[in-house]
$ cat data_30.cif   # mmCIF, C-alpha atoms and all ligand atoms
data_work
#
loop_
_atom_site.label_atom_id
_atom_site.label_comp_id
_atom_site.auth_asym_id
_atom_site.auth_seq_id
_atom_site.Cartn_x
_atom_site.Cartn_y
_atom_site.Cartn_z
CA MET A 1 138.52 187.97 1.32
CA HIS A 2 135.70 189.10 3.58
CA ASP A 3 132.46 188.56 1.83
CA GLU A 4 129.24 186.64 1.86
CA GLU A 5 130.87 183.69 0.15
CA THR A 6 133.45 183.31 2.90
CA VAL A 7 130.71 183.21 5.51
CA GLN A 8 128.76 180.60 3.55
CA ARG A 9 131.87 178.47 3.22
CA LEU A 10 132.59 178.72 6.96
CA ILE A 11 129.06 177.59 7.78
CA LYS A 12 129.10 174.72 5.27
CA SER A 13 132.39 173.39 6.53
CA ALA A 14 131.26 173.68 10.16
CA GLU A 15 128.02 171.84 9.41
CA GLN A 16 129.97 168.96 7.94
CA GLN A 17 132.17 168.66 10.99
CA ILE A 18 129.34 168.76 13.53
CA ARG A 19 127.29 165.94 12.03
CA ASN A 20 128.00 163.55 14.88
CA ALA A 21 126.92 166.10 17.45
CA PHE A 22 123.68 166.57 15.49
CA GLU A 23 123.08 162.84 15.40
CA HIS A 24 123.43 162.71 19.17
CA ILE A 25 120.93 165.57 19.54
CA GLU A 26 118.48 163.83 17.20
CA GLY A 27 118.62 160.72 19.38
CA THR A 28 117.75 162.85 22.41
CA ILE A 29 114.88 164.50 20.52
CA ASP A 30 113.38 161.11 19.62
CA ALA A 31 113.71 159.75 23.15
CA ASN A 32 112.09 162.81 24.72
CA GLN A 33 109.41 163.16 22.04
CA TRP A 34 108.32 159.58 22.63
CA LYS A 35 108.46 160.06 26.40
CA VAL A 36 106.10 163.05 26.09
CA ILE A 37 103.72 161.29 23.69
CA ARG A 38 103.57 158.20 25.95
CA ALA A 39 102.73 160.43 28.92
CA PHE A 40 99.88 162.02 26.92
CA GLN A 41 98.63 158.56 25.93
CA LYS A 42 98.84 157.10 29.42
CA HIS A 43 96.74 159.92 30.83
CA GLN A 44 94.35 159.84 27.86
CA VAL A 45 94.65 163.47 26.86
CA SER A 46 91.60 164.50 24.80
CA ASP A 47 90.54 167.71 23.13
CA TYR A 48 88.01 168.48 25.86
CA HIS A 49 90.96 168.87 28.24
CA PHE A 50 91.89 172.01 26.31
CA SER A 51 88.80 174.04 27.22
CA ALA A 52 89.05 177.14 29.38
CA SER A 53 87.96 177.21 33.00
CA THR A 54 86.89 180.34 34.87
CA GLY A 55 86.27 181.46 38.45
CA TYR A 56 87.63 178.97 40.96
CA GLY A 57 88.35 176.46 38.27
CA TYR A 58 86.96 173.57 40.33
CA ASN A 59 87.20 170.19 38.63
CA ASP A 60 89.14 171.53 35.69
CA ARG A 61 89.98 168.12 34.25
CA GLY A 62 92.43 169.60 31.73
CA ARG A 63 94.46 171.16 34.53
CA GLU A 64 94.43 167.96 36.59
CA VAL A 65 95.55 165.80 33.68
CA LEU A 66 98.21 168.36 32.76
CA ASP A 67 99.72 167.97 36.24
CA HIS A 68 99.74 164.18 35.79
CA VAL A 69 101.34 164.42 32.34
CA TYR A 70 104.12 166.68 33.64
CA ALA A 71 104.72 164.34 36.60
CA GLU A 72 104.96 161.42 34.17
CA VAL A 73 107.38 163.17 31.83
CA PHE A 74 109.65 164.15 34.73
CA GLY A 75 109.48 160.73 36.37
CA ALA A 76 107.96 162.36 39.45
CA GLU A 77 105.14 161.44 41.82
CA ALA A 78 103.35 164.74 41.32
CA ALA A 79 103.53 168.10 39.59
CA ILE A 80 101.83 171.45 39.55
CA VAL A 81 101.81 173.39 36.27
CA ARG A 82 100.22 176.81 36.23
CA PRO A 83 100.08 180.01 34.19
CA HIS A 84 99.82 181.76 37.56
CA LEU A 85 103.50 181.12 38.21
CA VAL A 86 104.70 184.36 36.63
CA SER A 87 108.36 183.50 36.00
CA GLY A 88 111.14 181.08 36.82
CA THR A 89 112.08 183.12 39.88
CA HIS A 90 108.50 183.06 41.17
CA THR A 91 108.31 179.31 40.61
CA ILE A 92 111.58 178.62 42.43
CA ALA A 93 110.60 180.98 45.27
CA THR A 94 107.24 179.20 45.60
CA ALA A 95 109.02 175.86 45.92
CA LEU A 96 111.57 177.12 48.45
CA PHE A 97 109.04 178.94 50.64
CA GLY A 98 106.91 175.81 50.54
CA LEU A 99 109.79 173.61 51.73
CA LEU A 100 111.47 175.75 54.40
CA ARG A 101 110.44 176.91 57.88
CA PRO A 102 112.09 179.46 60.22
CA ARG A 103 115.55 178.47 61.48
CA GLU A 104 115.92 175.73 58.90
CA GLU A 105 118.70 176.18 56.38
CA LEU A 106 118.90 176.19 52.59
CA LEU A 107 122.37 175.13 51.43
CA TYR A 108 123.29 175.71 47.77
CA ILE A 109 126.08 173.35 46.74
CA THR A 110 126.63 174.68 43.20
CA GLY A 111 127.95 178.10 44.15
CA ARG A 112 126.16 181.43 43.84
CA PRO A 113 122.63 180.86 42.49
CA TYR A 114 121.13 182.73 39.54
CA ASP A 115 121.03 186.52 40.00
CA THR A 116 117.29 186.96 40.48
CA LEU A 117 117.34 184.53 43.43
CA HIS A 118 119.60 186.74 45.54
CA LYS A 119 116.67 188.91 46.61
CA VAL A 120 114.53 185.82 47.26
CA ILE A 121 117.21 184.60 49.66
CA GLY A 122 117.63 188.10 51.10
CA SER A 123 120.22 189.46 53.49
CA GLY A 124 118.47 189.71 56.85
CA PRO A 125 115.36 190.81 58.74
CA ASP A 126 114.50 193.77 56.52
CA GLY A 127 110.75 193.42 56.06
CA SER A 128 111.12 192.32 52.45
CA GLY A 129 109.56 188.90 52.95
CA SER A 130 112.71 187.16 51.72
CA LEU A 131 113.76 183.77 53.11
CA ARG A 132 116.16 185.49 55.53
CA ASP A 133 113.48 187.96 56.56
CA TRP A 134 111.53 184.85 57.69
CA GLU A 135 114.62 183.71 59.61
CA ILE A 136 115.26 180.95 57.14
CA GLU A 137 119.00 180.50 57.04
CA TYR A 138 121.11 180.33 53.92
CA ASN A 139 124.57 179.10 53.10
CA GLU A 140 126.37 178.18 49.91
CA VAL A 141 129.43 176.16 48.97
CA GLU A 142 131.51 177.69 46.20
CA LEU A 143 132.47 175.43 43.32
CA ALA A 144 136.05 174.15 43.36
CA ALA A 145 138.63 175.77 41.07
CA ASP A 146 137.94 173.15 38.37
CA GLY A 147 134.24 174.05 38.33
CA GLN A 148 133.21 170.83 40.08
CA PRO A 149 131.41 170.57 43.43
CA ASP A 150 133.68 171.06 46.43
CA TRP A 151 132.87 167.69 48.01
CA GLU A 152 134.73 168.23 51.28
CA GLY A 153 133.33 171.74 51.54
CA ILE A 154 129.83 170.31 51.12
CA ARG A 155 130.43 167.64 53.76
CA ALA A 156 131.61 170.30 56.21
CA ALA A 157 128.68 172.64 55.49
CA ILE A 158 125.87 170.13 56.11
CA THR A 159 124.65 170.57 59.69
CA ASP A 160 121.62 169.78 61.86
CA LYS A 161 119.90 172.87 60.49
CA THR A 162 120.34 171.92 56.84
CA LYS A 163 116.87 171.14 55.52
CA VAL A 164 117.13 171.75 51.80
CA ILE A 165 120.09 171.28 49.46
CA GLY A 166 119.96 173.54 46.40
CA ILE A 167 121.42 172.58 43.03
CA GLN A 168 121.45 174.74 39.91
CA ARG A 169 121.67 172.61 36.77
CA SER A 170 122.37 175.39 34.29
CA ARG A 171 125.40 177.65 34.23
CA GLY A 172 123.07 180.60 34.16
CA TYR A 173 125.05 183.60 32.99
CA GLN A 174 128.40 182.46 34.30
CA TRP A 175 131.48 181.06 32.62
CA ARG A 176 131.22 177.71 34.39
CA THR A 177 130.09 174.31 33.24
CA SER A 178 126.52 173.18 33.72
CA PHE A 179 125.79 170.00 35.66
CA SER A 180 124.71 166.92 33.78
CA ILE A 181 122.05 164.56 35.10
CA ALA A 182 124.80 162.05 35.96
CA GLN A 183 126.63 164.67 38.02
CA ILE A 184 123.42 165.75 39.74
CA GLY A 185 122.78 162.09 40.59
CA GLU A 186 126.21 161.93 42.23
CA MET A 187 125.46 165.06 44.27
CA VAL A 188 122.20 163.53 45.50
CA LYS A 189 123.93 160.32 46.55
CA PHE A 190 126.68 162.23 48.31
CA VAL A 191 124.44 164.53 50.38
CA LYS A 192 121.93 161.77 51.22
CA ALA A 193 124.76 159.55 52.50
CA ILE A 194 125.63 162.37 54.91
CA LYS A 195 122.05 163.31 55.78
CA PRO A 196 119.38 160.90 54.51
CA ASP A 197 116.36 163.10 55.30
CA VAL A 198 117.67 166.21 53.55
CA VAL A 199 115.44 167.47 50.71
CA VAL A 200 117.27 168.00 47.43
CA PHE A 201 115.89 170.78 45.27
CA ALA A 202 117.10 171.53 41.72
CA ASP A 203 116.59 174.68 39.69
CA ASN A 204 115.92 173.02 36.32
CA CYS A 205 115.61 176.23 34.27
CA TYR A 206 117.09 175.87 30.75
CA GLY A 207 117.76 172.16 31.32
CA GLU A 208 114.54 170.40 30.31
CA PHE A 209 114.85 167.92 27.40
CA THR A 210 118.53 168.63 26.73
CA GLU A 211 119.26 165.11 28.02
CA ARG A 212 117.17 161.95 28.09
CA GLN A 213 116.55 162.18 31.81
CA GLU A 214 115.59 164.92 34.24
CA PRO A 215 116.93 165.56 37.76
CA THR A 216 113.86 163.93 39.35
CA GLU A 217 114.87 160.70 37.60
CA ALA A 218 118.28 160.94 39.27
CA GLY A 219 117.02 161.18 42.84
CA VAL A 220 116.28 164.91 43.18
CA ASP A 221 113.21 165.41 45.42
CA LEU A 222 111.80 168.57 43.84
CA ILE A 223 112.49 170.57 40.67
CA ALA A 224 111.16 173.84 39.33
CA GLY A 225 111.29 175.53 35.94
CA SER A 226 109.76 178.16 33.70
CA LEU A 227 107.29 177.64 30.84
CA ILE A 228 108.71 180.56 28.89
CA LYS A 229 111.89 178.52 28.66
CA ASN A 230 112.24 174.92 27.42
CA PRO A 231 109.07 173.05 28.46
CA GLY A 232 106.68 175.77 27.23
CA GLY A 233 107.74 174.87 23.69
CA GLY A 234 107.49 178.47 22.50
CA LEU A 235 103.70 178.34 22.84
CA ALA A 236 102.98 178.68 26.57
CA ALA A 237 102.33 182.39 27.08
CA SER A 238 103.28 182.29 30.75
CA GLY A 239 103.77 179.86 33.62
CA GLY A 240 105.97 177.55 35.60
CA TYR A 241 106.03 174.00 36.89
CA ILE A 242 107.11 172.25 40.07
CA ALA A 243 107.53 168.46 40.08
CA GLY A 244 108.74 165.84 42.51
CA ARG A 245 107.70 164.03 45.64
CA ASP A 246 103.96 164.22 46.29
CA ASP A 247 104.20 165.73 49.80
CA LEU A 248 106.67 168.38 48.65
CA VAL A 249 104.64 169.40 45.59
CA GLN A 250 101.69 169.77 47.97
CA LYS A 251 103.70 172.14 50.19
CA ALA A 252 104.60 174.25 47.16
CA ALA A 253 100.97 174.23 46.00
CA TYR A 254 99.86 175.43 49.45
CA ARG A 255 102.35 178.26 49.12
CA LEU A 256 101.23 179.13 45.56
CA THR A 257 97.55 179.46 46.47
CA ALA A 258 96.65 178.90 50.14
CA PRO A 259 96.93 176.16 52.75
CA GLY A 260 94.01 173.77 52.34
CA ILE A 261 93.45 174.85 48.74
CA GLY A 262 96.70 174.03 46.95
CA GLY A 263 96.30 172.84 43.38
CA GLU A 264 92.58 172.06 43.68
CA VAL A 265 91.60 175.47 42.34
CA GLY A 266 92.93 177.89 39.74
CA ALA A 267 91.14 178.85 36.55
CA MET A 268 93.38 178.19 33.55
CA LEU A 269 91.79 181.07 31.60
CA GLY A 270 92.22 179.46 28.21
CA THR A 271 95.95 178.73 28.53
CA THR A 272 95.66 174.95 28.78
CA ARG A 273 95.87 173.98 25.11
CA SER A 274 98.98 176.00 24.45
CA ILE A 275 100.67 174.53 27.55
CA TYR A 276 99.90 170.98 26.34
CA GLN A 277 100.91 171.71 22.78
CA GLY A 278 104.05 173.50 23.94
CA LEU A 279 105.05 170.46 25.99
CA PHE A 280 104.43 168.27 22.95
CA LEU A 281 106.72 170.47 20.82
CA ALA A 282 109.35 171.14 23.49
CA PRO A 283 111.67 168.14 22.87
CA HIS A 284 111.91 169.02 19.18
CA LEU A 285 112.39 172.75 19.76
CA VAL A 286 115.02 172.20 22.44
CA GLY A 287 116.82 170.03 19.88
CA GLN A 288 116.64 172.82 17.29
CA ALA A 289 118.09 175.28 19.78
CA LEU A 290 120.85 172.82 20.75
CA LYS A 291 121.82 172.31 17.12
CA GLY A 292 121.98 176.07 16.69
CA SER A 293 124.23 176.39 19.74
CA VAL A 294 126.56 173.68 18.45
CA LEU A 295 126.81 175.48 15.10
CA ALA A 296 127.54 178.80 16.82
CA ALA A 297 130.15 177.20 19.07
CA LYS A 298 131.89 175.59 16.09
CA VAL A 299 131.82 178.61 13.80
CA PHE A 300 132.98 181.09 16.42
CA ALA A 301 135.73 178.71 17.57
CA ASP A 302 136.83 178.43 13.92
CA CYS A 303 137.05 182.24 13.88
CA GLY A 304 139.32 182.19 16.92
CA TYR A 305 136.87 182.94 19.74
CA GLU A 306 136.64 180.96 22.94
CA THR A 307 133.28 179.32 23.48
CA SER A 308 131.71 177.48 26.40
CA PRO A 309 130.58 174.79 26.04
CA LYS A 310 132.81 173.87 23.11
CA TRP A 311 130.92 172.48 20.13
CA ASP A 312 131.83 168.85 20.91
CA GLU A 313 131.24 169.00 24.67
CA PRO A 314 128.14 167.38 26.17
CA ARG A 315 125.28 169.79 26.86
CA THR A 316 122.75 169.88 29.66
CA ASP A 317 121.28 173.34 29.10
CA LEU A 318 120.59 175.80 26.29
CA ILE A 319 123.14 178.47 27.06
CA GLN A 320 126.05 179.10 24.72
CA ALA A 321 128.70 181.51 25.92
CA ILE A 322 131.03 183.19 23.41
CA ARG A 323 133.93 185.33 24.54
CA PHE A 324 134.68 188.37 22.36
CA THR A 325 137.83 190.44 22.45
CA ASN A 326 136.33 193.88 23.02
CA GLU A 327 133.17 195.81 23.81
CA ASP A 328 132.43 196.74 20.19
CA GLU A 329 132.49 193.15 18.99
CA LEU A 330 130.25 192.10 21.84
CA ILE A 331 127.67 194.78 20.99
CA THR A 332 127.90 193.99 17.26
CA PHE A 333 127.16 190.33 17.98
CA VAL A 334 124.11 191.00 20.15
CA GLN A 335 122.74 193.56 17.69
CA ALA A 336 123.19 191.06 14.85
CA VAL A 337 121.11 188.46 16.71
CA GLN A 338 118.33 191.04 16.92
CA LYS A 339 118.68 191.85 13.21
CA ALA A 340 118.09 188.18 12.36
CA ALA A 341 114.78 188.01 14.28
CA ALA A 342 111.31 187.74 12.75
CA VAL A 343 109.94 190.10 15.40
CA ASP A 344 111.43 193.53 16.13
CA ALA A 345 114.34 193.14 13.73
CA HIS A 346 114.05 196.87 13.02
CA VAL A 347 114.87 197.73 16.63
CA LEU A 348 118.51 198.24 17.59
CA PRO A 349 119.28 197.10 21.15
CA GLU A 350 121.61 199.34 23.18
CA PRO A 351 123.38 198.67 26.49
CA TRP A 352 121.38 200.04 29.44
CA GLU A 353 121.60 200.14 33.24
CA MET A 354 119.12 197.45 34.23
CA PRO A 355 117.77 197.43 37.78
CA GLY A 356 119.62 194.78 39.80
CA TYR A 357 122.71 194.67 37.56
CA LYS A 358 126.06 196.29 38.34
CA HIS A 359 127.10 196.84 34.71
CA PRO A 360 125.14 197.99 31.66
CA VAL A 361 123.52 195.05 29.90
CA ILE A 362 122.61 194.61 26.22
CA MET A 363 119.89 192.18 25.22
CA ALA A 364 118.66 190.91 21.88
CA ALA A 365 115.16 189.51 22.13
CA GLY A 366 113.03 189.58 19.02
CA THR A 367 110.56 187.07 20.43
CA PHE A 368 106.88 186.15 20.13
CA ILE A 369 106.64 185.60 23.88
CA GLN A 370 108.10 188.53 25.82
CA GLY A 371 111.44 187.43 27.28
CA GLY A 372 110.87 183.93 25.92
CA SER A 373 114.33 182.40 25.95
CA LEU A 374 113.60 179.16 24.12
CA GLU A 375 113.43 181.65 21.27
CA LEU A 376 116.72 182.91 19.83
CA SER A 377 118.03 185.59 22.17
CA ALA A 378 121.34 186.92 23.45
CA ASP A 379 122.43 188.86 26.52
CA ALA A 380 125.70 190.42 27.54
CA PRO A 381 126.83 192.48 30.48
CA ILE A 382 129.19 195.16 29.16
CA ARG A 383 132.31 194.29 31.10
CA LYS A 384 135.49 192.28 30.75
CA PRO A 385 135.89 189.51 29.63
CA TYR A 386 133.19 190.48 27.07
CA ILE A 387 131.08 187.34 27.11
CA ALA A 388 127.84 187.07 25.14
CA TYR A 389 125.34 184.44 26.25
CA MET A 390 123.08 183.26 23.49
CA GLN A 391 120.31 180.76 23.83
CA GLY A 392 117.29 179.31 22.11
CA GLY A 393 116.00 179.26 18.59
CA LEU A 394 112.65 177.70 17.68
CA THR A 395 114.14 176.55 14.40
CA TYR A 396 117.71 175.64 13.53
CA SER A 397 117.48 177.75 10.37
CA HIS A 398 116.75 180.82 12.47
CA VAL A 399 119.83 180.28 14.64
CA LYS A 400 121.89 179.73 11.49
CA LEU A 401 120.64 183.05 10.13
CA GLY A 402 121.63 184.66 13.44
CA VAL A 403 125.14 183.22 13.18
CA ILE A 404 125.48 184.27 9.52
CA THR A 405 124.26 187.80 10.31
CA ALA A 406 126.68 188.07 13.24
CA LEU A 407 129.63 186.88 11.16
CA SER A 408 128.81 189.29 8.34
CA GLU A 409 128.49 192.24 10.71
CA LEU A 410 131.69 191.32 12.53
CA GLN A 411 133.51 191.07 9.19
CA LYS A 412 132.18 194.43 8.03
CA LYS A 413 132.98 196.27 11.24
CA HIS A 414 135.92 194.47 12.72
CA SER A 415 137.54 192.80 9.71
CA LEU A 416 137.23 189.38 11.26
CA SER A 417 139.34 186.96 9.27
C1 LIG B 1 116.02 181.96 33.92
C2 LIG B 1 116.53 181.33 35.13
C3 LIG B 1 115.98 181.62 36.39
C4 LIG B 1 114.92 182.65 36.62
O1 LIG B 1 113.87 182.65 35.72
P1 LIG B 1 113.11 184.00 35.32
O2 LIG B 1 112.00 183.54 34.46
O3 LIG B 1 114.09 184.86 34.62
O4 LIG B 1 112.63 184.62 36.59
C5 LIG B 1 116.50 180.95 37.48
N1 LIG B 1 117.49 180.06 37.36
C6 LIG B 1 118.05 179.76 36.17
C7 LIG B 1 119.15 178.77 36.10
C8 LIG B 1 117.58 180.38 35.02
O5 LIG B 1 118.13 180.10 33.83
#
$ encode --input "data_30.cif" --output "structure tokens"
Amino acid sequence: MHDEETVQRLIKSAEQQIRNAFEHIEGTIDANQWKVIRAFQKHQVSDYHFSASTGYGYNDRGREVLDHVYAEVFGAEAAIVRPHLVSGTHTIATALFGLLRPREELLYITGRPYDTLHKVIGSGPDGSGSLRDWEIEYNEVELAADGQPDWEGIRAAITDKTKVIGIQRSRGYQWRTSFSIAQIGEMVKFVKAIKPDVVVFADNCYGEFTERQEPTEAGVDLIAGSLIKNPGGGLAASGGYIAGRDDLVQKAAYRLTAPGIGGEVGAMLGTTRSIYQGLFLAPHLVGQALKGSVLAAKVFADCGYETSPKWDEPRTDLIQAIRFTNEDELITFVQAVQKAAAVDAHVLPEPWEMPGYKHPVIMAAGTFIQGGSLELSADAPIRKPYIAYMQGGLTYSHVKLGVITALSELQKKHSLS
């Protein structure tokens, strides 16, 4: 029997079995919501902070308080939060170029970093302005076969030149586990025992508010993330944040604008209120997305697909990977996610050769903010082993509709049982 009723029954039964996971997520939502509200209260956020600045943006009190609120939420000394940071990649690049000088080395200890960072790192003196073009050295330690850090490999790779240690919290679009705050804390302890003055940087994209603590509360010196992901709360139209030690945030701010200017200028152009309100909503929305991911993981596992993380595994980012058995199923799934969207549901995504990718990629993104991935979205490179990465969902009901639509389409086309 392959009909609507079967799908409804699958969902109902899954929802009953994942109650404990939901309870855990609700506890995290409460803790982070209160953390955010207390930060607003401590820094006395008022409605006049939401007004737009223009020109140089001197003495924009809303912008200054926003930086303090972010620092507070992330348990950091300082932060810089700006709509002028155009993406996660730009934000991370700004932090790294701020921290590193020629002949110093960046050492990533969580394997290959996220795709878009490869060109930031660069491959040599090629005039591109990459780290390597500036003679900043780069090395990385692959993860061990079990997906954990290769501790001895890390010990061997840290040298006199090593200035910055790079950690990526999220799996990104790889079939590996993400690193929890506890694990990141262990990494910090380990590298600082070997080299106490090393600066630990963490790419926090997709991680914010999925746990009760952030990497900066576990000893990481500097973090960076994107406002069109978790902390923008679906409302920030653009932007990024960098938080951590005061002197390091200053270096990044000097890189973002200019030495001597840093974060003292920068008109917010009317974006401030939505950045505040997005931060206020973010813990709740991240929780909605997490619940959706748990549901998807459970339902697709019940249908015989491999998922990562599994529904009952701890989560430290938004990404849910689902492994399909063939190309057609993979495409059907991604197209179904698009069909369940409020925006652009009438558009059918097709695989295409995206610049920078080796294989055709299909993406479902019916979002209010272009590319906003706290909103329900899915991506898949068209290649074996046919993995779809889905993330986000501003409301749990929306993700559920996505899952229902995907199951129905898979049943129709591929007689899923
Ligand atoms: C999204 C992401 C980035 C890059 O952010 P963009 O906004 O796509 O440039 C970097 N690292 C991780 C782990 C990410 O998830």
$ closest_residue --input "data_30.cif" --among "A:Gly98, A:Pro113, A:Pro381, A:Pro283" --to "A:Arg212" --atoms "all atoms listed in the file"
A:Pro283
$ residues_near_point --input "data_30.cif" --point "(114.7, 185.6, 47.1)" --cutoff "9 Å" --atoms "all atoms listed in the file" --output "compact mmCIF listing (two decimals) with C-alpha atoms, keeping the file's coordinate frame"
# COMPACT_ATOMS: atom_id res chain seq x y z
CA THR A 89 112.08 183.12 39.88
CA HIS A 90 108.50 183.06 41.17
CA ILE A 92 111.58 178.62 42.43
CA ALA A 93 110.60 180.98 45.27
CA THR A 116 117.29 186.96 40.48
CA LEU A 117 117.34 184.53 43.43
CA HIS A 118 119.60 186.74 45.54
CA LYS A 119 116.67 188.91 46.61
CA VAL A 120 114.53 185.82 47.26
CA ILE A 121 117.21 184.60 49.66
CA GLY A 122 117.63 188.10 51.10
CA GLY A 129 109.56 188.90 52.95
CA SER A 130 112.71 187.16 51.72
CA LEU A 131 113.76 183.77 53.11
CA ARG A 132 116.16 185.49 55.53
$ closest_residue --input "data_30.cif" --among "A:Gln174, A:Asn326, A:Thr272, A:Ser226" --to "A:Tyr389" --atoms "all atoms listed in the file"
A:Gln174
$ residues_near_ligand --input "data_30.cif" --ligand "ligand LIG 1 (chain B)" --cutoff "10 Å" --atoms "all atoms listed in the file" --output "mmCIF file with C-alpha atoms, keeping the file's coordinate frame"
data_model
loop_
_atom_site.group_PDB
_atom_site.id
_atom_site.type_symbol
_atom_site.label_atom_id
_atom_site.label_comp_id
_atom_site.auth_asym_id
_atom_site.auth_seq_id
_atom_site.Cartn_x
_atom_site.Cartn_y
_atom_site.Cartn_z
ATOM 1 C CA LEU A 85 103.500 181.120 38.210
ATOM 2 C CA VAL A 86 104.700 184.360 36.630
ATOM 3 C CA SER A 87 108.360 183.500 36.000
ATOM 4 C CA GLY A 88 111.140 181.080 36.820
ATOM 5 C CA THR A 89 112.080 183.120 39.880
ATOM 6 C CA HIS A 90 108.500 183.060 41.170
ATOM 7 C CA THR A 91 108.310 179.310 40.610
ATOM 8 C CA ILE A 92 111.580 178.620 42.430
ATOM 9 C CA ALA A 93 110.600 180.980 45.270
ATOM 10 C CA PRO A 113 122.630 180.860 42.490
ATOM 11 C CA TYR A 114 121.130 182.730 39.540
ATOM 12 C CA ASP A 115 121.030 186.520 40.000
ATOM 13 C CA THR A 116 117.290 186.960 40.480
ATOM 14 C CA LEU A 117 117.340 184.530 43.430
ATOM 15 C CA ILE A 167 121.420 172.580 43.030
ATOM 16 C CA GLN A 168 121.450 174.740 39.910
ATOM 17 C CA ARG A 169 121.670 172.610 36.770
ATOM 18 C CA SER A 170 122.370 175.390 34.290
ATOM 19 C CA ARG A 171 125.400 177.650 34.230
ATOM 20 C CA GLY A 172 123.070 180.600 34.160
ATOM 21 C CA TYR A 173 125.050 183.600 32.990
ATOM 22 C CA SER A 178 126.520 173.180 33.720
ATOM 23 C CA ALA A 202 117.100 171.530 41.720
ATOM 24 C CA ASP A 203 116.590 174.680 39.690
ATOM 25 C CA ASN A 204 115.920 173.020 36.320
ATOM 26 C CA CYS A 205 115.610 176.230 34.270
ATOM 27 C CA TYR A 206 117.090 175.870 30.750
ATOM 28 C CA GLY A 207 117.760 172.160 31.320
ATOM 29 C CA ALA A 224 111.160 173.840 39.330
ATOM 30 C CA GLY A 225 111.290 175.530 35.940
ATOM 31 C CA SER A 226 109.760 178.160 33.700
ATOM 32 C CA LEU A 227 107.290 177.640 30.840
ATOM 33 C CA ILE A 228 108.710 180.560 28.890
ATOM 34 C CA LYS A 229 111.890 178.520 28.660
ATOM 35 C CA SER A 238 103.280 182.290 30.750
ATOM 36 C CA GLY A 239 103.770 179.860 33.620
ATOM 37 C CA GLY A 240 105.970 177.550 35.600
ATOM 38 C CA ASP A 317 121.280 173.340 29.100
ATOM 39 C CA LEU A 318 120.590 175.800 26.290
ATOM 40 C CA ILE A 319 123.140 178.470 27.060
ATOM 41 C CA GLY A 371 111.440 187.430 27.280
ATOM 42 C CA GLY A 372 110.870 183.930 25.920
ATOM 43 C CA SER A 373 114.330 182.400 25.950
#
$ residues_near_point --input "data_30.cif" --point "(86.5, 174.4, 38.3)" --cutoff "12 Å" --atoms "all atoms listed in the file" --output "PyMOL selection string"
chain A and resi 51-64+263-269
$ write_last_selection --input "data_30.cif" --atoms "C-alpha atoms" --output "compact mmCIF listing (two decimals), in the frame of the given file"
# COMPACT_ATOMS: atom_id res chain seq x y z
CA SER A 51 88.80 174.04 27.22
CA ALA A 52 89.05 177.14 29.38
CA SER A 53 87.96 177.21 33.00
CA THR A 54 86.89 180.34 34.87
CA GLY A 55 86.27 181.46 38.45
CA TYR A 56 87.63 178.97 40.96
CA GLY A 57 88.35 176.46 38.27
CA TYR A 58 86.96 173.57 40.33
CA ASN A 59 87.20 170.19 38.63
CA ASP A 60 89.14 171.53 35.69
CA ARG A 61 89.98 168.12 34.25
CA GLY A 62 92.43 169.60 31.73
CA ARG A 63 94.46 171.16 34.53
CA GLU A 64 94.43 167.96 36.59
CA GLY A 263 96.30 172.84 43.38
CA GLU A 264 92.58 172.06 43.68
CA VAL A 265 91.60 175.47 42.34
CA GLY A 266 92.93 177.89 39.74
CA ALA A 267 91.14 178.85 36.55
CA MET A 268 93.38 178.19 33.55
CA LEU A 269 91.79 181.07 31.60
$ closest_residue --input "data_30.cif" --among "A:Asp344, A:Glu217, A:Glu140, A:Glu327" --to "A:Ile362" --atoms "all atoms listed in the file"
A:Glu327
$ closest_residue --input "data_30.cif" --among "A:Phe280, A:Tyr305, A:Phe209, A:Trp311" --to "A:Gly27" --atoms "all atoms listed in the file"
A:Phe209
$ atom_distance --input "data_30.cif" --atom1 "atom CA of A:Val199" --atom2 "atom CA of A:Leu248"
9.1 Å
